[in-house]
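> I am attaching a structure below and will ask some questions about it afterwards.
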Number of protein chains: 2
Amino acid sequence: MSHVVALTDRGLEFSELLAEVFRVNGLLLTAGDALAQPAGLTSARWQVLSVVDHGPITVAQAARTMGLARQTVRETVSSLVSLGMIAHEDNPHDRRARLLVLTARGRSALRAAERRQAAWVNHLAARTSLPDLRAATDLLRDLGDLLES
Amino acid sequence: MSHVVALTDRGLEFSELLAEVFRVNGLLLTAGDALAQPAGLTSARWQVLSVVDHGPITVAQAARTMGLARQTVRETVSSLVSLGMIAHEDNPHDRRARLLVLTARGRSALRAAERRQAAWVNHLAARTSLPDLRAATDLLRDLGDLLES
DNA sequence: CCTTTTTTGACAGGGCACTGTCAATCTGTC
DNA sequence: GACAGATTGACAGTGCCCTGTCAAAAAAGG
């Protein structure tokens, strides 16, 4: 056992969970893009539209809301502006930070994606046991809290 | 309820699980990078080293093993070659596809990362209930299978 | 007020994933 | 052996995430 690293049995089980998290995450991203594509969106653009839909907001505020870097949101916003889905409005409170608003095109793309997503989520959720679902969510939440500390 | 999309109660619970998967995935990536950094690695480079560690392999084979595009692995390999952690060997069976092998530097970086990871996993695993852990893994596995179909 | 600190959008550059394309090479078939 | 199809590494381009830097604007404090 020269190069084998010491993992406890528990550690091994845990590693399997981590692997599944990675796998499901990847599959979810793919599924998200598949849901977004017919609306002319990607997952990232969808998420931005969804945040802007809650009301006029600046890039920096949106980035904080989404837990992303300002620059990341800025890039996505700039492509959404090119697509005519987001427009700028002057911000009376801050001359630097213009407000983002949805255009009609942006709003209808968002609604289309949301309708598709709702059907998809309901379909998947109907195939899962509710108690198991809650238990798994709780465990992941605890794990997330543990990882954050 | 003009713009509200129809999500069942079950669908709502399910959405929470999805949010936790995204959150934990992000935290795991950050943790992985933190584990890799002292060894002079990133998560992606670490994964490539780990695959190459199982024996000489070509870029295309490694990409298939890891479930990534050839080009992605090619880029990471090229940076690892620049770092002196991976070397090329002629492949007697295919003149195009040279074999990748670990250098001494690559091997020691990999071992260092693995040692740190083992300690980290064991530490986290010790703080989690074993039955809950198995249940969550199973649910995610089923969900992954469902998503793949 | 005026100065210091913070916030903001913009720019530059890097990491990691993808797709599409191409020529070279390998493989299977006739 | 020759030809057709698959595989391979390399190149080009895209998306999405990050950090660091900068000047302008806003906010905070004296």
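Starting from 1 in every chain, residues are counted up; chains themselves are A, B, ... following the order of the structure tokens, and ligands are numbered from 1 as listed.
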Among the residues of stretch 72-117 of chain A, find those DSSP assigns to alpha helix (DSSP H) from the backbone and print them as a list in words.
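After running DSSP on the backbone, stretch 72-117 of chain A has alpha helix (DSSP H) at Thr72, Val73, Arg74, Glu75, Thr76, Val77, Ser78, Ser79, Leu80, Val81, Ser82, Ala104, Arg105, Gly106, Arg107, Ser108, Ala109, Leu110, Arg111, Ala112, Ala113, Glu114, Arg115, Arg116 and Gln117 of chain A.
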> Determine which residues of chain A receive a DSSP assignment of strand (DSSP E), computed from the backbone, and state them as a ChimeraX atom specification.
/A:86-89,99-102
> May I have the residues within 12 Å of D:DG15 as a PyMOL selection string, using only C-alpha atoms (C1' of nucleotides) and disregarding those fewer than 2 positions away in the same chain?
(chain A and resi 33+41-45+72+75-76+79) or (chain C and resi 16-19) or (chain D and resi 13+17)
> Should the cut-off be 9 Å, what would the residue list for chain A against chain C look like, counting only C-alpha atoms (C1' of nucleotides), as a short mmCIF file (atom, residue, chain, number, x, y, z; two decimals) with C-alpha atoms, in the first residue's frame?

data_model
loop_
_atom_site.label_atom_id
_atom_site.label_comp_id
_atom_site.auth_asym_id
_atom_site.auth_seq_id
_atom_site.Cartn_x
_atom_site.Cartn_y
_atom_site.Cartn_z
CA VAL A 59 -25.11 45.38 -12.12
CA ALA A 60 -23.39 45.48 -8.73
CA ARG A 70 -19.47 42.03 -10.72
CA GLN A 71 -17.53 41.38 -13.88
CA ARG A 74 -21.51 42.64 -16.39
CA ARG A 96 -22.41 55.73 -12.48
CA ALA A 97 -24.76 52.80 -11.98
#
> At a cut-off of 10 Å, can you tabulate as JSON lines every residue of chain D near chain B together with its closest atom pair and the distance in Å to one decimal, using only C-alpha atoms (C1' of nucleotides) and ordering rows by chain then number?

{"residue": "D:DT7", "atom": "C1'", "partner": "B:Ala60", "partner_atom": "CA", "distance": 8.9}
{"residue": "D:DT8", "atom": "C1'", "partner": "B:Arg96", "partner_atom": "CA", "distance": 6.4}
{"residue": "D:DG9", "atom": "C1'", "partner": "B:Arg96", "partner_atom": "CA", "distance": 7.0}
{"residue": "D:DA10", "atom": "C1'", "partner": "B:Gln71", "partner_atom": "CA", "distance": 8.9}
> Output N, CA and C atoms (P, O5', C5', C4', C3', O3' and C1' of nucleotides) for every residue in the selection just made, as a PDB file, in the first residue's frame.

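Output file out13.pdb follows:
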ATOM      1  P    DT D   7     -14.407   6.474 -33.551  1.00  0.00           P
ATOM      2  O5'  DT D   7     -12.898   6.987 -33.428  1.00  0.00           O
ATOM      3  C5'  DT D   7     -11.850   6.036 -33.578  1.00  0.00           C
ATOM      4  C4'  DT D   7     -10.516   6.718 -33.377  1.00  0.00           C
ATOM      5  C3'  DT D   7     -10.497   7.723 -32.228  1.00  0.00           C
ATOM      6  O3'  DT D   7      -9.346   7.439 -31.446  1.00  0.00           O
ATOM      7  C1'  DT D   7      -9.668   8.714 -34.204  1.00  0.00           C
ATOM      8  P    DT D   8      -9.007   8.201 -30.124  1.00  0.00           P
ATOM      9  O5'  DT D   8      -7.962   9.301 -30.635  1.00  0.00           O
ATOM     10  C5'  DT D   8      -6.700   8.884 -31.138  1.00  0.00           C
ATOM     11  C4'  DT D   8      -5.893  10.085 -31.565  1.00  0.00           C
ATOM     12  C3'  DT D   8      -5.928  11.216 -30.543  1.00  0.00           C
ATOM     13  O3'  DT D   8      -4.665  11.292 -29.893  1.00  0.00           O
ATOM     14  C1'  DT D   8      -6.234  12.001 -32.795  1.00  0.00           C
ATOM     15  P    DG D   9      -4.552  12.321 -28.612  1.00  0.00           P
ATOM     16  O5'  DG D   9      -3.896  13.603 -29.291  1.00  0.00           O
ATOM     17  C5'  DG D   9      -2.662  13.461 -29.972  1.00  0.00           C
ATOM     18  C4'  DG D   9      -2.344  14.712 -30.772  1.00  0.00           C
ATOM     19  C3'  DG D   9      -2.227  15.997 -29.947  1.00  0.00           C
ATOM     20  O3'  DG D   9      -1.133  16.748 -30.456  1.00  0.00           O
ATOM     21  C1'  DG D   9      -3.882  16.279 -31.604  1.00  0.00           C
ATOM     22  P    DA D  10      -0.666  18.107 -29.681  1.00  0.00           P
ATOM     23  O5'  DA D  10      -1.275  19.248 -30.603  1.00  0.00           O
ATOM     24  C5'  DA D  10      -0.800  19.377 -31.936  1.00  0.00           C
ATOM     25  C4'  DA D  10      -1.649  20.371 -32.683  1.00  0.00           C
ATOM     26  C3'  DA D  10      -1.800  21.732 -31.977  1.00  0.00           C
ATOM     27  O3'  DA D  10      -1.258  22.736 -32.817  1.00  0.00           O
ATOM     28  C1'  DA D  10      -3.882  20.928 -32.793  1.00  0.00           C
TER      29       DA D  10
END
> Measuring between only C-alpha atoms, which one of A:Leu83, A:Leu133, A:Ala69, A:Ala62 shows the shortest distance to A:Leu100?
A:Ala62
> Could you list, as an MDAnalysis selection string, the residues of chain A having an atom within 8 Å of chain B when counting only C-alpha atoms?
chainID A and resid 3 5:8 10:11 13:17 20:25 27:28 31 111 114:115 118:119 121:122 124:126 130 132:137 139:141 143:144 146:148
> Which neighbours of A:Gln61 fall inside 10 Å, counting only C-alpha atoms (C1' of nucleotides), when residues of the same chain fewer than 6 positions from it are skipped, and could you give them as a PyMOL selection string?
chain A and resi 51-52+67+70+73+97+99
> Could the residues in this selection be saved with N, CA and C atoms as a compact mmCIF listing (two decimals), in the first residue's frame?

# COMPACT_ATOMS: atom_id res chain seq x y z
N VAL A 51 -33.40 37.82 -12.13
CA VAL A 51 -33.12 38.79 -11.07
C VAL A 51 -33.63 40.18 -11.47
N VAL A 52 -33.38 40.55 -12.70
CA VAL A 52 -33.82 41.87 -13.17
C VAL A 52 -35.35 41.95 -13.17
N GLY A 67 -24.59 36.18 -5.96
CA GLY A 67 -23.37 35.59 -5.40
C GLY A 67 -22.27 35.43 -6.43
N ARG A 70 -18.88 40.96 -9.92
CA ARG A 70 -19.47 42.03 -10.72
C ARG A 70 -19.18 41.84 -12.20
N VAL A 73 -21.38 39.23 -14.06
CA VAL A 73 -22.73 39.70 -14.36
C VAL A 73 -22.67 40.77 -15.45
N ALA A 97 -24.11 54.11 -11.92
CA ALA A 97 -24.76 52.80 -11.98
C ALA A 97 -26.15 52.88 -12.58
N LEU A 99 -29.65 51.65 -14.16
CA LEU A 99 -30.55 50.56 -13.77
C LEU A 99 -30.83 49.65 -14.97
> Excluding same-chain residues fewer than 5 positions from A:Val81, what lies within 10 Å of it counting only C-alpha atoms (C1' of nucleotides), as an NGL selection string?
:A and (75-76 or 86-88 or 100-103 or 106)
